[in-house]
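Chemist: Structure: entry_35.tsv, TSV, C-alpha atoms.
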```tsv
chain	number	residue	atom	x	y	z
A	1	MET	CA	-0.38	-45.59	-9.32
A	2	THR	CA	0.44	-46.14	-13.00
A	3	ASN	CA	1.42	-49.19	-14.98
A	4	ASN	CA	4.92	-47.72	-15.29
A	5	ILE	CA	5.62	-48.30	-11.58
A	6	LEU	CA	4.69	-51.97	-11.69
A	7	ASP	CA	6.45	-52.43	-15.01
A	8	LYS	CA	9.74	-51.48	-13.36
A	9	ILE	CA	9.34	-53.73	-10.31
A	10	ASP	CA	11.03	-57.14	-10.09
A	11	THR	CA	8.02	-59.47	-10.25
A	12	ARG	CA	9.76	-62.20	-8.25
A	13	ARG	CA	10.59	-59.81	-5.42
A	14	LEU	CA	7.03	-58.41	-5.46
A	15	GLY	CA	5.69	-61.97	-5.37
A	16	GLU	CA	7.79	-62.78	-2.29
A	17	LEU	CA	6.51	-59.66	-0.49
A	18	LEU	CA	2.91	-60.52	-1.35
A	19	GLN	CA	3.35	-64.10	-0.15
A	20	GLN	CA	4.83	-62.93	3.16
A	21	ALA	CA	2.00	-60.44	3.70
A	22	ARG	CA	-0.61	-63.08	2.88
A	23	ASN	CA	0.93	-65.60	5.29
A	24	GLN	CA	1.16	-63.02	8.06
A	25	CYS	CA	-2.56	-62.26	7.94
A	26	GLY	CA	-3.50	-65.94	7.75
A	27	MET	CA	-5.00	-65.98	4.25
A	28	THR	CA	-4.68	-68.86	1.78
A	29	GLN	CA	-3.83	-68.46	-1.90
A	30	ALA	CA	-7.43	-69.27	-2.68
A	31	ASP	CA	-8.58	-66.45	-0.35
A	32	ALA	CA	-6.22	-64.00	-2.06
A	33	ALA	CA	-7.35	-65.15	-5.50
A	34	ASN	CA	-10.97	-64.38	-4.54
A	35	VAL	CA	-9.95	-60.85	-3.58
A	36	ILE	CA	-8.80	-60.13	-7.15
A	37	ASP	CA	-11.50	-62.35	-8.72
A	38	ALA	CA	-8.98	-64.82	-10.18
A	39	ALA	CA	-8.18	-68.52	-10.00
A	40	ARG	CA	-5.86	-69.87	-7.31
A	41	THR	CA	-3.37	-70.84	-10.03
A	42	THR	CA	-3.19	-67.17	-10.99
A	43	MET	CA	-2.25	-66.27	-7.41
A	44	VAL	CA	0.40	-69.01	-7.46
A	45	ALA	CA	1.87	-67.49	-10.62
A	46	ILE	CA	1.82	-63.97	-9.12
A	47	GLU	CA	3.67	-65.07	-5.99
A	48	LYS	CA	6.25	-66.93	-8.08
A	49	GLY	CA	6.81	-63.78	-10.15
A	50	GLU	CA	5.55	-65.45	-13.31
A	51	ARG	CA	2.53	-63.20	-13.78
A	52	ARG	CA	2.65	-59.40	-13.52
A	53	LEU	CA	0.07	-57.71	-11.28
A	54	LYS	CA	-2.34	-55.06	-12.46
A	55	PRO	CA	-2.47	-51.84	-10.38
A	56	THR	CA	-6.09	-52.48	-9.36
A	57	GLU	CA	-5.16	-55.99	-8.21
A	58	LEU	CA	-2.29	-54.70	-6.07
A	59	ILE	CA	-4.58	-52.12	-4.46
A	60	LYS	CA	-7.14	-54.82	-3.59
A	61	LEU	CA	-4.51	-57.21	-2.19
A	62	ALA	CA	-2.82	-54.48	-0.14
A	63	ARG	CA	-6.19	-53.57	1.39
A	64	ALA	CA	-6.98	-57.23	2.13
A	65	TYR	CA	-3.58	-57.75	3.78
A	66	GLY	CA	-3.91	-54.60	5.88
A	67	ARG	CA	-0.92	-52.99	4.18
A	68	ALA	CA	-0.16	-49.80	2.28
A	69	VAL	CA	0.50	-50.14	-1.44
A	70	SER	CA	3.85	-48.43	-0.84
A	71	ASP	CA	4.91	-51.44	1.27
A	72	PHE	CA	5.10	-53.42	-1.97
A	73	VAL	CA	6.39	-50.90	-4.51
A	74	ARG	CA	9.15	-49.05	-2.62
A	75	PRO	CA	12.65	-50.56	-2.49
A	76	ARG	CA	13.11	-52.60	0.67
A	77	PRO	CA	14.97	-55.79	1.61
A	78	VAL	CA	13.15	-59.11	1.41
A	79	ILE	CA	13.70	-61.25	4.51
A	80	GLN	CA	12.32	-64.56	5.68
A	81	PRO	CA	9.40	-64.27	8.13
A	82	LEU	CA	10.33	-64.69	11.79
A	83	GLU	CA	7.17	-66.62	12.63
A	84	VAL	CA	8.06	-69.40	10.18
A	85	GLN	CA	11.32	-69.91	12.01
A	86	PHE	CA	9.63	-69.86	15.40
A	87	ARG	CA	6.94	-72.31	14.37
A	88	ALA	CA	9.59	-74.69	13.11
A	89	ALA	CA	11.58	-74.40	16.31
A	90	TYR	CA	9.01	-74.20	19.06
A	91	ARG	CA	5.60	-75.65	19.89
A	92	ARG	CA	2.97	-73.54	21.63
A	93	ASN	CA	-0.69	-74.13	22.31
A	94	GLN	CA	-3.31	-72.14	20.41
A	95	VAL	CA	-3.93	-69.58	23.15
A	96	GLU	CA	-0.21	-68.86	23.52
A	97	GLU	CA	0.09	-68.66	19.73
A	98	LEU	CA	-2.61	-65.99	19.53
A	99	GLN	CA	-1.01	-64.01	22.35
A	100	ILE	CA	2.51	-63.85	20.96
A	101	GLU	CA	1.99	-63.88	17.18
A	102	PRO	CA	1.35	-60.10	16.95
A	103	VAL	CA	4.60	-59.47	18.83
A	104	ILE	CA	6.55	-61.77	16.50
A	105	ARG	CA	5.05	-60.02	13.47
A	106	LEU	CA	5.94	-56.61	14.93
A	107	LEU	CA	9.52	-57.68	15.61
A	108	GLU	CA	9.77	-58.95	12.04
A	109	GLU	CA	8.47	-55.62	10.70
A	110	LEU	CA	10.86	-53.59	12.85
A	111	CYS	CA	13.84	-55.70	11.79
A	112	GLN	CA	12.88	-55.25	8.15
A	113	ASN	CA	12.52	-51.50	8.72
A	114	TYR	CA	15.97	-51.50	10.31
A	115	LEU	CA	17.52	-53.14	7.24
A	116	GLU	CA	15.64	-50.72	4.97
A	117	LEU	CA	17.00	-47.71	6.88
A	118	GLU	CA	20.51	-49.11	6.63
A	119	GLU	CA	20.13	-49.45	2.86
A	120	ILE	CA	18.67	-45.94	2.50
A	121	MET	CA	21.53	-44.39	4.48
A	122	ASP	CA	24.21	-46.85	3.32
A	123	ALA	CA	25.06	-47.35	7.00
A	124	PRO	CA	24.94	-51.03	7.98
A	125	LEU	CA	24.95	-51.83	11.68
A	126	PRO	CA	28.55	-52.71	12.70
A	127	ARG	CA	28.83	-56.28	13.94
A	128	ASN	CA	31.32	-57.03	16.68
A	129	TYR	CA	30.25	-60.66	16.89
A	130	PRO	CA	32.36	-63.19	18.77
A	131	ARG	CA	32.81	-66.73	17.56
A	132	GLU	CA	29.97	-69.04	18.56
A	133	TYR	CA	30.86	-70.77	21.82
A	134	HIS	CA	30.89	-74.57	21.85
A	135	LEU	CA	31.44	-76.01	25.33
A	136	SER	CA	29.79	-79.40	25.07
A	137	GLY	CA	30.80	-81.86	27.75
A	138	MET	CA	31.61	-79.12	30.27
A	139	PRO	CA	29.41	-78.83	33.39
A	140	ILE	CA	26.66	-76.22	32.89
A	141	GLU	CA	27.74	-73.86	35.66
A	142	ARG	CA	31.39	-73.95	34.66
A	143	ALA	CA	30.52	-73.38	31.00
A	144	ALA	CA	28.22	-70.44	31.84
A	145	GLU	CA	30.89	-68.73	33.95
A	146	SER	CA	33.59	-69.39	31.36
A	147	ILE	CA	31.55	-67.70	28.62
A	148	ALA	CA	30.63	-64.80	30.93
A	149	VAL	CA	34.27	-64.15	31.88
A	150	GLU	CA	35.48	-64.32	28.28
A	151	GLU	CA	32.73	-61.99	27.02
A	152	ARG	CA	33.41	-59.46	29.77
A	153	GLN	CA	37.07	-59.45	28.78
A	154	ARG	CA	36.24	-59.15	25.09
A	155	LEU	CA	33.96	-56.16	25.72
A	156	GLY	CA	36.30	-54.51	28.25
A	157	LEU	CA	33.79	-54.67	31.10
A	158	GLY	CA	36.15	-55.71	33.92
A	159	ASP	CA	34.50	-57.28	36.95
A	160	GLY	CA	32.14	-54.47	37.95
A	161	PRO	CA	28.43	-53.88	37.20
A	162	ILE	CA	27.12	-53.21	33.67
A	163	PRO	CA	24.93	-50.13	34.15
A	164	LEU	CA	23.74	-49.73	30.53
A	165	LEU	CA	23.52	-53.32	29.37
A	166	ARG	CA	21.18	-52.67	26.44
A	167	ASP	CA	23.50	-50.00	25.03
A	168	ILE	CA	26.49	-52.34	25.32
A	169	LEU	CA	24.74	-55.12	23.41
A	170	GLU	CA	23.38	-52.76	20.76
A	171	GLN	CA	26.37	-50.50	20.21
A	172	SER	CA	29.38	-52.62	21.19
A	173	VAL	CA	28.12	-55.97	19.87
A	174	GLY	CA	25.67	-54.93	17.14
A	175	LEU	CA	22.47	-56.70	18.19
A	176	ARG	CA	19.05	-55.35	17.19
A	177	ILE	CA	17.11	-54.96	20.45
A	178	PHE	CA	13.54	-53.73	20.68
A	179	TYR	CA	11.47	-53.24	23.86
A	180	LEU	CA	7.94	-54.38	23.03
A	181	LYS	CA	4.78	-54.88	25.06
A	182	MET	CA	4.09	-58.58	25.62
A	183	PRO	CA	1.78	-60.68	27.81
A	184	PRO	CA	3.25	-60.81	31.36
A	185	LYS	CA	4.52	-64.41	31.19
A	186	TYR	CA	6.71	-63.73	28.15
A	187	SER	CA	10.24	-62.40	28.69
A	188	GLU	CA	12.06	-62.30	25.36
A	189	LEU	CA	12.17	-63.34	21.72
A	190	TYR	CA	15.48	-64.11	20.07
A	191	SER	CA	16.28	-64.91	16.44
A	192	TYR	CA	19.28	-64.88	14.11
A	193	ASP	CA	19.96	-65.18	10.41
A	194	GLU	CA	22.81	-63.94	8.25
A	195	GLN	CA	20.82	-61.03	6.82
A	196	ARG	CA	19.31	-59.67	10.02
A	197	GLY	CA	22.01	-60.77	12.44
A	198	GLY	CA	21.05	-61.14	16.08
A	199	CYS	CA	17.59	-59.76	16.96
A	200	MET	CA	15.86	-59.57	20.32
A	201	ALA	CA	12.57	-58.31	21.69
A	202	ILE	CA	12.36	-57.74	25.45
A	203	ASN	CA	9.11	-57.37	27.41
A	204	ALA	CA	8.84	-53.61	27.93
A	205	ASP	CA	6.36	-54.03	30.81
A	206	HIS	CA	8.76	-55.97	33.04
A	207	PRO	CA	10.80	-54.24	35.78
A	208	GLU	CA	14.30	-53.12	34.74
A	209	GLU	CA	15.99	-55.84	36.79
A	210	ARG	CA	14.03	-58.50	34.91
A	211	ARG	CA	14.63	-56.85	31.54
A	212	ARG	CA	18.38	-56.90	32.20
A	213	TRP	CA	18.19	-60.58	33.13
A	214	SER	CA	16.24	-61.30	29.93
A	215	LEU	CA	18.84	-59.41	27.88
A	216	ALA	CA	21.64	-61.52	29.36
A	217	HIS	CA	19.58	-64.69	28.88
A	218	GLY	CA	18.98	-63.86	25.21
A	219	TYR	CA	22.63	-62.90	24.76
A	220	LEU	CA	23.73	-66.37	25.84
A	221	HIS	CA	21.52	-67.89	23.14
A	222	PHE	CA	23.25	-65.60	20.64
A	223	LEU	CA	26.67	-66.62	21.98
A	224	ALA	CA	26.14	-70.37	22.22
A	225	HIS	CA	23.02	-71.31	20.20
A	226	ARG	CA	23.11	-68.59	17.57
A	227	ARG	CA	20.95	-70.13	14.88
A	228	LYS	CA	18.30	-71.54	17.18
A	229	PRO	CA	15.38	-69.10	17.63
A	230	VAL	CA	14.03	-68.84	21.18
A	231	LEU	CA	10.74	-67.78	22.70
A	232	ASP	CA	11.14	-67.49	26.46
A	233	PHE	CA	8.18	-67.59	28.84
A	234	GLU	CA	7.28	-68.95	32.25
A	235	GLY	CA	6.32	-72.59	32.59
A	236	GLN	CA	7.35	-73.58	29.08
A	237	TYR	CA	9.42	-76.62	30.01
A	238	LYS	CA	8.52	-79.89	31.71
A	239	ARG	CA	12.15	-80.86	31.49
A	240	MET	CA	14.55	-78.01	30.80
A	241	PRO	CA	17.00	-78.79	27.96
A	242	GLU	CA	20.73	-78.25	28.39
A	243	SER	CA	20.72	-75.16	26.15
A	244	GLU	CA	18.13	-73.49	28.35
A	245	ARG	CA	19.91	-74.45	31.58
A	246	LEU	CA	23.02	-72.76	30.20
A	247	ALA	CA	21.01	-69.64	29.34
A	248	GLU	CA	19.48	-69.63	32.83
A	249	ALA	CA	22.92	-69.88	34.49
A	250	PHE	CA	24.72	-67.29	32.33
A	251	PRO	CA	23.08	-64.02	33.59
A	252	LYS	CA	24.23	-64.46	37.20
A	253	TYR	CA	27.87	-64.77	36.12
A	254	PHE	CA	27.64	-62.07	33.45
A	255	LEU	CA	25.79	-59.53	35.62
A	256	MET	CA	27.43	-60.48	38.95
A	257	PRO	CA	30.98	-61.72	38.19
A	258	THR	CA	32.45	-63.83	40.97
A	259	SER	CA	35.65	-61.82	41.54
A	260	GLY	CA	33.91	-58.44	41.76
A	261	LEU	CA	31.03	-59.75	43.85
A	262	LEU	CA	33.41	-61.35	46.36
A	263	LYS	CA	35.37	-58.13	46.78
A	264	ARG	CA	32.24	-56.05	47.23
A	265	PHE	CA	30.67	-58.51	49.68
A	266	HIS	CA	33.77	-58.70	51.88
A	267	TYR	CA	34.24	-54.93	51.81
A	268	MET	CA	30.66	-54.38	53.03
A	269	SER	CA	30.97	-57.09	55.67
A	270	ARG	CA	34.20	-55.63	57.07
A	271	ALA	CA	32.81	-52.09	57.11
A	272	ASN	CA	29.78	-53.11	59.22
A	273	GLY	CA	31.17	-56.10	61.07
A	274	LYS	CA	28.46	-58.15	59.36
A	275	PHE	CA	26.47	-58.32	56.12
A	276	THR	CA	23.13	-56.64	56.78
A	277	PRO	CA	19.81	-56.49	54.88
A	278	THR	CA	20.72	-52.89	54.03
A	279	ASN	CA	23.94	-54.17	52.41
A	280	LEU	CA	21.90	-56.74	50.51
A	281	PHE	CA	19.54	-54.19	48.97
A	282	THR	CA	22.41	-51.81	48.21
A	283	LEU	CA	24.43	-54.56	46.52
A	284	ALA	CA	21.49	-55.73	44.41
A	285	HIS	CA	20.95	-52.15	43.27
A	286	TYR	CA	24.67	-51.79	42.52
A	287	TYR	CA	24.59	-54.75	40.12
A	288	GLY	CA	21.15	-53.95	38.71
A	289	VAL	CA	19.63	-57.29	39.65
A	290	SER	CA	16.71	-58.34	41.83
A	291	VAL	CA	17.26	-58.94	45.52
A	292	GLN	CA	16.12	-62.53	45.02
A	293	ALA	CA	18.69	-63.15	42.25
A	294	LEU	CA	21.48	-61.73	44.40
A	295	ILE	CA	20.48	-63.84	47.42
A	296	TYR	CA	20.48	-67.05	45.37
A	297	ARG	CA	23.89	-66.11	43.93
A	298	LEU	CA	25.35	-65.48	47.40
A	299	GLU	CA	23.83	-68.71	48.70
A	300	GLU	CA	25.50	-70.66	45.88
A	301	MET	CA	28.81	-68.99	46.77
A	302	GLU	CA	28.18	-70.04	50.41
A	303	LEU	CA	28.31	-66.42	51.55
A	304	LEU	CA	24.74	-66.55	52.84
A	305	PRO	CA	22.97	-69.50	54.50
A	306	SER	CA	20.43	-71.39	52.39
A	307	GLY	CA	16.85	-70.28	52.91
A	308	THR	CA	17.79	-66.59	53.27
A	309	TRP	CA	15.25	-65.50	50.66
A	310	ASP	CA	12.36	-67.27	52.41
A	311	ARG	CA	13.28	-65.77	55.79
A	312	LEU	CA	13.73	-62.31	54.33
A	313	SER	CA	10.42	-62.52	52.47
A	314	ASP	CA	8.66	-63.13	55.78
A	315	ARG	CA	10.28	-60.28	57.70
A	316	VAL	CA	13.13	-57.80	57.15
A	317	SER	CA	14.42	-54.94	59.29
A	318	VAL	CA	16.03	-51.97	57.51
A	319	SER	CA	16.94	-48.61	59.05
A	320	ASP	CA	15.12	-49.46	62.29
A	321	ARG	CA	11.95	-50.34	60.41
A	322	THR	CA	10.51	-53.84	60.10
A	323	TYR	CA	8.69	-54.95	56.95
A	324	ARG	CA	6.40	-57.98	56.96
A	325	GLY	CA	5.99	-59.49	53.54
A	326	LEU	CA	8.93	-58.15	51.58
A	327	LYS	CA	8.14	-54.95	49.64
A	328	VAL	CA	11.32	-54.40	47.68
A	329	ARG	CA	10.52	-50.99	46.21
A	330	LYS	CA	9.45	-49.57	49.58
A	331	VAL	CA	12.70	-50.74	51.14
A	332	GLN	CA	14.68	-49.24	48.25
A	333	GLU	CA	12.91	-45.92	48.70
A	334	GLU	CA	13.60	-46.03	52.45
A	335	LEU	CA	17.30	-46.49	51.66
A	336	GLY	CA	17.30	-43.70	49.08
A	337	LEU	CA	18.12	-46.09	46.22
A	338	GLU	CA	16.94	-44.52	42.97
A	339	GLU	CA	15.59	-46.63	40.14
A	340	ILE	CA	18.26	-48.30	38.01
A	341	PRO	CA	19.36	-46.14	35.04
A	342	GLN	CA	17.62	-47.40	31.95
A	343	ARG	CA	16.71	-46.62	28.38
A	344	THR	CA	13.16	-47.81	27.82
A	345	ASP	CA	12.50	-46.44	24.32
A	346	ARG	CA	11.11	-49.04	21.95
A	347	MET	CA	13.67	-48.57	19.16
A	348	PRO	CA	17.48	-48.98	19.25
A	349	VAL	CA	19.48	-45.72	19.23
A	350	HIS	CA	21.11	-46.47	15.86
A	351	TYR	CA	17.68	-47.14	14.35
A	352	GLN	CA	16.39	-43.79	15.65
A	353	HIS	CA	19.40	-41.89	14.30
A	354	LEU	CA	19.10	-43.49	10.86
A	355	ALA	CA	15.41	-42.55	10.73
A	356	ILE	CA	15.96	-38.88	11.58
A	357	GLU	CA	18.94	-38.58	9.23
A	358	ALA	CA	16.95	-40.11	6.38
A	359	PHE	CA	14.05	-37.75	7.12
A	360	ASP	CA	16.25	-34.64	7.38
A	361	GLN	CA	17.99	-35.48	4.11
A	362	GLY	CA	14.64	-35.86	2.34
A	363	LEU	CA	15.19	-39.55	1.66
A	364	ILE	CA	11.93	-40.55	3.38
A	365	THR	CA	8.64	-38.69	3.84
A	366	GLU	CA	7.21	-37.55	7.15
A	367	GLY	CA	4.64	-40.33	6.85
A	368	ARG	CA	7.34	-42.95	6.38
A	369	PHE	CA	9.31	-41.49	9.29
A	370	ALA	CA	6.19	-41.84	11.45
A	371	ASN	CA	5.78	-45.44	10.29
A	372	PHE	CA	9.37	-46.27	11.16
A	373	LEU	CA	8.81	-45.01	14.72
A	374	HIS	CA	5.26	-46.44	14.93
A	375	VAL	CA	3.62	-43.12	15.86
A	376	ASP	CA	1.20	-40.70	14.21
A	377	ARG	CA	2.48	-37.70	12.26
A	378	LEU	CA	1.97	-35.21	15.09
A	379	GLU	CA	4.04	-37.35	17.43
A	380	ALA	CA	6.58	-37.90	14.64
A	381	ARG	CA	7.19	-34.13	14.48
A	382	ARG	CA	7.77	-33.99	18.24
A	383	LEU	CA	10.14	-36.95	18.12
A	384	ALA	CA	11.99	-35.44	15.17
A	385	GLU	CA	12.81	-32.40	17.29
A	386	VAL	CA	13.92	-34.56	20.21
A	387	LEU	CA	16.12	-36.68	17.97
A	388	ARG	CA	17.61	-33.64	16.23
A	389	GLU	CA	18.59	-32.15	19.57
A	390	TYR	CA	20.02	-35.44	20.75
A	391	SER	CA	21.97	-36.01	17.52
A	392	SER	CA	23.40	-32.48	17.60
A	393	GLY	CA	24.70	-32.92	21.14
A	394	MET	CA	22.20	-30.61	22.83
A	395	VAL	CA	21.04	-33.55	24.96
A	396	GLU	CA	24.05	-34.90	26.80
A	397	GLU	CA	22.96	-38.19	28.30
A	398	ALA	CA	21.48	-41.15	26.43
A	399	THR	CA	19.50	-42.06	29.53
A	400	ASP	CA	17.63	-38.74	29.26
A	401	LEU	CA	16.19	-39.67	25.88
A	402	ASP	CA	12.63	-40.90	26.38
A	403	LEU	CA	10.56	-41.69	23.31
A	404	ARG	CA	7.74	-43.46	25.13
A	405	GLN	CA	5.16	-40.67	24.80
A	406	GLY	CA	2.52	-41.64	22.29
A	407	GLN	CA	3.86	-45.18	21.84
A	408	GLU	CA	1.82	-48.26	22.57
```
Give the structure from this file in structure tokens form.
Modeler:
Amino acid sequence: MTNNILDKIDTRRLGELLQQARNQCGMTQADAANVIDAARTTMVAIEKGERRLKPTELIKLARAYGRAVSDFVRPRPVIQPLEVQFRAAYRRNQVEELQIEPVIRLLEELCQNYLELEEIMDAPLPRNYPREYHLSGMPIERAAESIAVEERQRLGLGDGPIPLLRDILEQSVGLRIFYLKMPPKYSELYSYDEQRGGCMAINADHPEERRRWSLAHGYLHFLAHRRKPVLDFEGQYKRMPESERLAEAFPKYFLMPTSGLLKRFHYMSRANGKFTPTNLFTLAHYYGVSVQALIYRLEEMELLPSGTWDRLSDRVSVSDRTYRGLKVRKVQEELGLEEIPQRTDRMPVHYQHLAIEAFDQGLITEGRFANFLHVDRLEARRLAEVLREYSSGMVEEATDLDLRQGQE
């Protein structure tokens, strides 16, 4: 690296990037100053853009922050750290903080990468954002169903199931959705600002039915509480606030609309003379929800007696076989119900396409392409071939695209 590179860089922008990197690795300005053998006031001046860095100093700081020098000298958008927003909006104990902070930092990095790819390719993500819903004073259940019905109409979804929910929210709405590994109790992260737009991370290790529920849950926060970041995990509330009760109610109406569910339930009941456990499993699979979620929904609609889930969990008979202690996947296999269609790759489709196009046009190196996809170079070459085939139409179905190999 020569002085010419740093001479051409906006010192204020470089200072902001250095400050973000320092905060993310938990170092103080005094710690950073020690790295370059300077006074803390010097580090303050560097981060304010008032003092130009020497190449050797940038190399030392990049190493201390666990970053590549290129992270600071290549053109890329400067965005506010996600964790600052989450800390301001949500309180967690120290153990929970340590568990989720790496995921928040990864989501922040991926969102920044997304914006960088859009700038490189001059292809911003289209935003089909609705107005923010304000239904204060309306009962929670009525408000949740009202928003669900209006959004289904806006997106042209009718009253049937939504088989590829993630694709709808990414491609028809314009949300940035990543599937990331999280501790089991965590379901989703949601954040919004004007630069990034709506961003979500969903727990990649959860079953598809739960991931779909988390997607709908996060989508409600985007629709009704857009500027309030959310970290969703089990047991977080002693007393659930109204905003969260609305988000908890929304998925059942969005994923299982009343009109369509009624028609399907009555059709099955008439065909068999009754509504059987087999119908229940088939209907849950049809809507892509858990059997438990469907039972609670039908109980609320007074189509099933209360306590059905408890009785079914104890004993259920399907296809002349009796199961003690409900084993949902075994029953589904017995009924020939295949796993719900899903796209489990970590990155959004648009993100993947921008990365391969930038690589093919020589706008980013193979190393940078690998960094964008969070894989090593060998895996990057394999993924490049997969993405080229997919982009050229040689792979017909989006659900066939699986980029999980080599990803952690």
Chemist: Could you check the closest approach to Ser146 (chain A) for each of A:Ala68, A:Arg40, A:Gly26, A:His134 and tell me which residue wins, using all atoms listed in the file?
Modeler: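 Distance minimum relative to Ser146 (chain A) lands on A:His134.
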Chemist: Report the distance between CA of Gln361 (chain A) and CA of Arg388 (chain A) in Å, rounded to one decimal place.
Modeler: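 Going from CA of Gln361 (chain A) over to CA of Arg388 (chain A) covers 12.3 Å.
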Chemist: Within 8 Å of region 247-257 of chain A, counting all atoms listed in the file, which residues qualify if same-chain residues fewer than 3 places away don't, as JSON, numbers by chain?
Modeler: {"A": [140, 141, 144, 145, 147, 148, 149, 152, 159, 160, 161, 162, 213, 216, 217, 218, 220, 221, 243, 244, 260, 261, 287, 288, 289, 293, 297]}
Chemist: Could you check which of A:Cys25, A:Arg176, A:Phe275, A:Arg67 is closest to Arg105 (chain A), using all atoms listed in the file?
Modeler: A:Cys25
Chemist: What's the 8 Å shell around Gly198 (chain A), counting only C-alpha atoms, without same-chain residues fewer than 6 positions away, as a VMD selection string?
Modeler: chain A and resid 174 to 176 190 to 192 222 226
Chemist: Quick one: pull the distance between CA of Thr344 (chain A) and CA of Leu110 (chain A), Å, one decimal.
Modeler: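 Pair CA of Thr344 (chain A) / CA of Leu110 (chain A) returns 16.2 Å.
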Chemist: For CA of Pro277 (chain A) and CA of Phe265 (chain A), quote the distance in Å rounded to one decimal.
Modeler: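 Computing the Euclidean distance for CA of Pro277 (chain A) and CA of Phe265 (chain A) yields 12.2 Å.
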Chemist: Using only C-alpha atoms for the distances, tell me which of A:Ile340, A:Leu117, A:Leu298, A:Cys111 is nearest to Gln352 (chain A).
Modeler: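 Looking only at the distances to Gln352 (chain A), the closest residue turns out to be A:Leu117.
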Chemist: Here is a test: counting all atoms listed in the file, which residue of A:Tyr133, A:Tyr219, A:Phe233, A:Tyr114 is nearest to Gln195 (chain A)?
Modeler: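 Closest to Gln195 (chain A) of all the choices is A:Tyr114.
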Chemist: What are the centre and the three edge lengths of an axis-aligned box that wraps all atoms of region 60-64 of chain A in the file, given that 5 Å is added to every side, written as JSON and rounded to one decimal in Å?
Modeler:
```
{"center_x": -5.0, "center_y": -55.4, "center_z": -0.7, "size_x": 14.3, "size_y": 13.7, "size_z": 15.7}
```
Chemist: Could you check the closest approach to Ser313 (chain A) for each of A:Gln292, A:Asn371, A:Thr28, A:Thr42 and tell me which residue wins, using only C-alpha atoms?
Modeler: A:Gln292
Chemist: From the set A:Ala224, A:His350, A:Ile59, A:Val69, which residue has the shortest atom-to-atom contact distance to Phe178 (chain A), counting all atoms listed in the file?
Modeler: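 That would be A:His350, the residue with the smallest distance to Phe178 (chain A).
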Chemist: Around (15.0, -48.1, 4.2), as given in the file, which residues come within 10 Å? Count all atoms listed in the file and list them as a ChimeraX atom specification.
Modeler: /A:74-77,112-122,354-355,358,363-364,368,372
Chemist: Fewer than 5 positions away in the same chain doesn't count, so skip those; otherwise give me all residues within 12 Å of Asn34 (chain A), counting only C-alpha atoms, as a ChimeraX atom specification.
Modeler: /A:27-29,39-43,57,60-61,64
